[in-house]
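Peer 1: Structure provided below as structure tokens; questions to follow.
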Amino acid sequence: MNIIRYTKPEPTVWSPFDRLSSLRELLDSAYQLASSSPGTTSGWVPLLDVFEDVDKVTVVLEAAGMKSGDFDLSLHDGALTISGERKAEVENREGESFRSERSFGAFSRTVTLPAPVKGDEVKATYTDGVLTVTLPKAEEAKPKKISVQLN
Amino acid sequence: MSTLKTQEKAPEAHRVEFVTPRANLHQNHEGYTLEIEMPGVAKSGVEVTVDDGKLTLVGHPAKEEQSARRVYAERSGFSYRRVFDLDPSIDAAKISASIDQGLLTVKLQKADAAKPRKITVG
């Protein structure tokens with residue numbers, strides 16, 4: 001039986017401060033152990049980027065091995081929430097697992113959008129494990145050209 | 001008197017940075033199944049090599065054409081790389097790999113000699 005909760009290693013780029021970050025992880029895990037109540041499943045945090053263009057905002061989220069139907073998007077008060085659930089495959093579960101670093105279960109990420117968007121024209125695509133959400137900016141957020149008549 | 005020469009600057013060492021992707025390894029009687037998360041990597045960006053008893057998995061994410069300004073960033077955009085030592089029982093000729101939605105699945109079969117066999121007593 002495991003007494004200490006197994007924490008998944010963070011995929012990080014090697015750096016000379018590795019030692020330092022592992023100390024931080026140790027402290028974090030000790031904190032997590034103390035703060036999390038038993039029975040709650042710890043979710044996972046997919047990484048995301050936000051891009052801003054003249055006429056649109058793009059949110060790119062990494063979540064490998066899901067299906068496009070597993071995502072849920074909602075817009076509220078100028079913030080986009082992407083939630084979803086990655087189901088663990090239960091088939092071929094005979095045998096034994098040597099390594100399980102992948103996270104499964106539900107996640108939810110919320111980002112405040114840098115500009116007002118048209119909520120009814122939001123598009124999302126899921127390819128190669130990356131969810132791309134395109135949100136066209138609202139007319140009032142787009143830059144306007146004002147022609148000035150000079151006499 | 002020797003002429004002074006300005007020393008040409010040595011070319012900066014090209015440093016390639018990789019991200020260590022998360023992996024699951026599962027074993028059954030047929031062999032091993034490796035699942036490695038490589039979001040952003042298409043089929044053409046995967047390199048699987050077996051050399052000297054080591055299995056190297058590299059994934060290069062497709063370059064995203066973004067003319068837009070990145071206002072918030074968490075993703076590194078680096079390539080993924082992970083090396084595993086191969087068990088001698090694995091048949092290196094029978095390694096197969098596939099990628100679906102950024103999840104690389106590598107099937108490693110045990111050599112026939114290493115598979116469990118039932119011997120009937122005659």
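Letters A, B, ... mark the chains of the structure tokens in the order given; residue numbers begin at 1 per chain; ligand numbers begin at 1, in order shown.
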Any idea what's packed within 9 Å of B:Ala114, counting only C-alpha atoms, ignoring anything in its chain fewer than 3 positions away? Could you give it as a PyMOL selection string?

Peer 2: chain B and resi 89-90+110-111+117

Peer 1: Do you know which residues are at most 10 Å from B:Ser98 counting only C-alpha atoms, after dropping those on the same chain fewer than 4 positions away, and could you put them as a PyMOL selection string?

Peer 2: chain B and resi 35+43+46+102-107

Peer 1: Could you name the residues that touch B:Val50 at 10 Å or less, counting only C-alpha atoms, but leaving out those on the same chain fewer than 3 positions away, as a list of chain:residue names?

Peer 2: B:Gly53, B:Lys54, B:Leu55, B:Thr56, B:Leu57, B:Val83, B:Phe84, B:Asp85, B:Leu86, B:Ala92, B:Ala93, B:Ile95

Peer 1: Could I get the residues of chain B with an atom no further than 7 Å from an atom of chain A, each paired with its nearest atom pair and that distance in Å to one decimal, using only C-alpha atoms, sorted by chain and residue number, as a Markdown table?

Peer 2:
```
| residue | atom | partner | partner_atom | distance |
| --- | --- | --- | --- | --- |
| B:Glu17 | CA | A:Val13 | CA | 6.9 |
| B:Phe18 | CA | A:Val13 | CA | 6.1 |
| B:Val19 | CA | A:Val13 | CA | 5.0 |
| B:Thr20 | CA | A:Pro11 | CA | 5.2 |
| B:Pro21 | CA | A:Pro11 | CA | 5.8 |
| B:Arg22 | CA | A:Glu101 | CA | 5.5 |
| B:Ala23 | CA | A:Glu101 | CA | 5.5 |
| B:Asn24 | CA | A:Ser100 | CA | 4.4 |
| B:Leu25 | CA | A:Arg99 | CA | 4.8 |
| B:His26 | CA | A:Ser97 | CA | 4.3 |
| B:Gln27 | CA | A:Glu96 | CA | 5.3 |
| B:Asn28 | CA | A:Gly95 | CA | 4.2 |
| B:His29 | CA | A:Gly95 | CA | 7.0 |
| B:Glu37 | CA | A:Ala64 | CA | 5.7 |
| B:Met38 | CA | A:Ala64 | CA | 6.5 |
| B:Pro39 | CA | A:Gly129 | CA | 4.6 |
| B:Gly40 | CA | A:Asp128 | CA | 5.1 |
| B:Val41 | CA | A:Asp128 | CA | 5.9 |
| B:Ala42 | CA | A:Asp128 | CA | 5.8 |
| B:Ala68 | CA | A:Asp53 | CA | 4.6 |
| B:Arg69 | CA | A:Glu52 | CA | 5.2 |
| B:Arg70 | CA | A:Phe51 | CA | 4.3 |
| B:Val71 | CA | A:Phe51 | CA | 5.5 |
| B:Tyr72 | CA | A:Val50 | CA | 4.9 |
| B:Ala73 | CA | A:Asp49 | CA | 4.6 |
| B:Glu74 | CA | A:Leu48 | CA | 5.6 |
| B:Arg75 | CA | A:Leu47 | CA | 5.9 |
| B:Asp100 | CA | A:Gly65 | CA | 6.7 |
| B:Gln101 | CA | A:Asp128 | CA | 4.0 |
| B:Gly102 | CA | A:Gly129 | CA | 4.3 |
| B:Leu103 | CA | A:Gly65 | CA | 5.0 |
```

Peer 1: Counting only C-alpha atoms, which residue out of A:Ser29, A:Thr134, A:Gln149, A:Thr81 sits closest to A:Arg109?

Peer 2: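 Nearest candidate to A:Arg109 out of A:Ser29, A:Thr134, A:Gln149, A:Thr81: A:Thr81.
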
Peer 1: Tell me which of A:Asp70, A:Glu89, A:Lys137, A:Gly78 sits closest to A:Phe107, counting only C-alpha atoms.

Peer 2: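 Among the listed residues, the smallest separation from A:Phe107 belongs to A:Asp70.
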
Peer 1: Among the residues of stretch 28-112 of chain B, find those DSSP assigns to strand (DSSP E or B) from the backbone and print them as a PyMOL selection string.

Peer 2: chain B and resi 31-37+46-51+54-59+69-72+79-85+90+96-100+103-110

Peer 1: For N, CA and C atoms, I'd like the residues from the last selection saved as a compact mmCIF listing (two decimals), in the first residue's frame.

Peer 2:
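Dumped everything to selection_0.txt:
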```
# COMPACT_ATOMS: atom_id res chain seq x y z
N GLY B 31 3.95 -8.38 -24.79
CA GLY B 31 5.07 -7.45 -24.79
C GLY B 31 4.72 -6.18 -24.05
N TYR B 32 5.29 -5.08 -24.50
CA TYR B 32 5.09 -3.82 -23.80
C TYR B 32 4.36 -2.82 -24.69
N THR B 33 3.61 -1.95 -24.07
CA THR B 33 2.98 -0.84 -24.78
C THR B 33 3.42 0.45 -24.11
N LEU B 34 3.99 1.34 -24.90
CA LEU B 34 4.44 2.63 -24.39
C LEU B 34 3.49 3.69 -24.93
N GLU B 35 3.05 4.57 -24.07
CA GLU B 35 2.22 5.69 -24.51
C GLU B 35 2.95 6.97 -24.12
N ILE B 36 3.22 7.80 -25.09
CA ILE B 36 3.95 9.03 -24.80
C ILE B 36 3.15 10.22 -25.31
N GLU B 37 2.99 11.21 -24.47
CA GLU B 37 2.20 12.39 -24.84
C GLU B 37 3.06 13.39 -25.59
N VAL B 46 7.54 12.52 -36.12
CA VAL B 46 7.97 11.51 -35.15
C VAL B 46 9.21 10.78 -35.65
N GLU B 47 10.18 10.60 -34.77
CA GLU B 47 11.36 9.80 -35.10
C GLU B 47 11.50 8.72 -34.04
N VAL B 48 11.48 7.49 -34.48
CA VAL B 48 11.67 6.38 -33.55
C VAL B 48 12.93 5.65 -34.00
N THR B 49 13.94 5.58 -33.14
CA THR B 49 15.17 4.89 -33.52
C THR B 49 15.55 3.88 -32.45
N VAL B 50 16.10 2.77 -32.92
CA VAL B 50 16.61 1.75 -32.01
C VAL B 50 18.10 1.63 -32.29
N ASP B 51 18.90 1.86 -31.29
CA ASP B 51 20.35 1.78 -31.48
C ASP B 51 20.99 1.36 -30.17
N LYS B 54 18.95 0.84 -27.16
CA LYS B 54 18.21 1.98 -26.64
C LYS B 54 17.14 2.39 -27.65
N LEU B 55 15.98 2.68 -27.12
CA LEU B 55 14.87 3.15 -27.96
C LEU B 55 14.74 4.65 -27.75
N THR B 56 14.94 5.40 -28.83
CA THR B 56 14.86 6.86 -28.72
C THR B 56 13.62 7.35 -29.45
N LEU B 57 12.83 8.13 -28.76
CA LEU B 57 11.61 8.66 -29.34
C LEU B 57 11.71 10.18 -29.35
N VAL B 58 11.64 10.74 -30.55
CA VAL B 58 11.72 12.19 -30.69
C VAL B 58 10.48 12.66 -31.43
N GLY B 59 9.91 13.75 -30.99
CA GLY B 59 8.75 14.33 -31.67
C GLY B 59 8.96 15.82 -31.88
N ARG B 69 0.26 38.15 -31.91
CA ARG B 69 1.12 38.37 -30.76
C ARG B 69 0.72 37.40 -29.66
N ARG B 70 1.73 36.77 -29.04
CA ARG B 70 1.42 35.85 -27.96
C ARG B 70 1.30 36.66 -26.68
N VAL B 71 0.11 36.71 -26.12
CA VAL B 71 -0.10 37.54 -24.94
C VAL B 71 0.02 36.73 -23.65
N TYR B 72 -0.06 35.41 -23.77
CA TYR B 72 0.09 34.57 -22.58
C TYR B 72 0.69 33.25 -23.03
N SER B 79 10.89 20.48 -29.00
CA SER B 79 10.65 19.10 -29.40
C SER B 79 10.67 18.21 -28.16
N TYR B 80 10.06 17.06 -28.32
CA TYR B 80 10.02 16.09 -27.23
C TYR B 80 11.09 15.02 -27.46
N ARG B 81 11.66 14.53 -26.38
CA ARG B 81 12.65 13.46 -26.54
C ARG B 81 12.64 12.59 -25.30
N ARG B 82 12.69 11.30 -25.54
CA ARG B 82 12.74 10.37 -24.42
C ARG B 82 13.46 9.11 -24.87
N VAL B 83 14.33 8.60 -24.02
CA VAL B 83 15.12 7.41 -24.34
C VAL B 83 14.81 6.31 -23.33
N PHE B 84 14.60 5.12 -23.84
CA PHE B 84 14.34 3.97 -22.97
C PHE B 84 15.37 2.88 -23.26
N ASP B 85 15.77 2.17 -22.24
CA ASP B 85 16.61 0.99 -22.42
C ASP B 85 15.69 -0.16 -22.82
N ILE B 90 13.02 -8.07 -26.02
CA ILE B 90 12.20 -7.41 -27.04
C ILE B 90 12.79 -7.64 -28.43
N SER B 96 6.56 -1.37 -33.45
CA SER B 96 5.70 -0.55 -34.30
C SER B 96 5.21 0.65 -33.51
N ALA B 97 4.99 1.75 -34.23
CA ALA B 97 4.58 2.98 -33.56
C ALA B 97 3.47 3.65 -34.34
N SER B 98 2.57 4.32 -33.63
CA SER B 98 1.53 5.09 -34.28
C SER B 98 1.24 6.31 -33.43
N ILE B 99 0.74 7.37 -34.08
CA ILE B 99 0.41 8.57 -33.32
C ILE B 99 -1.01 9.00 -33.65
N ASP B 100 -1.76 9.27 -32.60
CA ASP B 100 -3.14 9.72 -32.77
C ASP B 100 -3.41 10.83 -31.77
N LEU B 103 -0.81 11.49 -29.19
CA LEU B 103 -0.45 10.40 -28.29
C LEU B 103 0.29 9.32 -29.08
N LEU B 104 1.60 9.21 -28.81
CA LEU B 104 2.42 8.24 -29.52
C LEU B 104 2.33 6.90 -28.79
N THR B 105 1.94 5.88 -29.54
CA THR B 105 1.83 4.54 -28.96
C THR B 105 2.87 3.64 -29.62
N VAL B 106 3.74 3.07 -28.83
CA VAL B 106 4.78 2.19 -29.35
C VAL B 106 4.52 0.79 -28.80
N LYS B 107 4.42 -0.15 -29.73
CA LYS B 107 4.21 -1.55 -29.34
C LYS B 107 5.54 -2.28 -29.44
N LEU B 108 5.92 -2.88 -28.34
CA LEU B 108 7.18 -3.62 -28.29
C LEU B 108 6.84 -5.08 -28.02
N GLN B 109 7.14 -5.93 -29.01
CA GLN B 109 6.80 -7.33 -28.84
C GLN B 109 7.98 -8.11 -28.30
N LYS B 110 7.66 -9.07 -27.50
CA LYS B 110 8.72 -9.94 -26.99
C LYS B 110 9.11 -10.91 -28.10
```

Peer 1: Write out as number ranges by chain which residues come within 8 Å of A:Ala141 when counting only C-alpha atoms, dropping same-chain ones fewer than 5 positions away.

Peer 2: A: 115-117

Peer 1: Take the residues that were just selected and, keeping C-alpha atoms, output them as a compact mmCIF listing (two decimals), in the first residue's frame.

Peer 2:
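Result file selection.txt:
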```
# COMPACT_ATOMS: atom_id res chain seq x y z
CA ALA A 115 -10.52 41.80 -25.82
CA PRO A 116 -14.31 41.45 -26.10
CA VAL A 117 -15.29 38.73 -28.58
```

Peer 1: I'd like the interatomic distance between atom CA of A:Ala106 and atom CA of A:Leu80, to a tenth of an Å.

Peer 2: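 Answer for the atom CA of A:Ala106 to atom CA of A:Leu80 separation: 16.7 Å.
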
Peer 1: In Å to one decimal, how far is atom CA of B:Val16 from atom CA of B:Ser76?

Peer 2: 12.7 Å

Peer 1: Give me, please, the distance in Å between atom CA of A:Ala88 and atom CA of A:Gly105, quoted to one decimal.

Peer 2: 7.5 Å
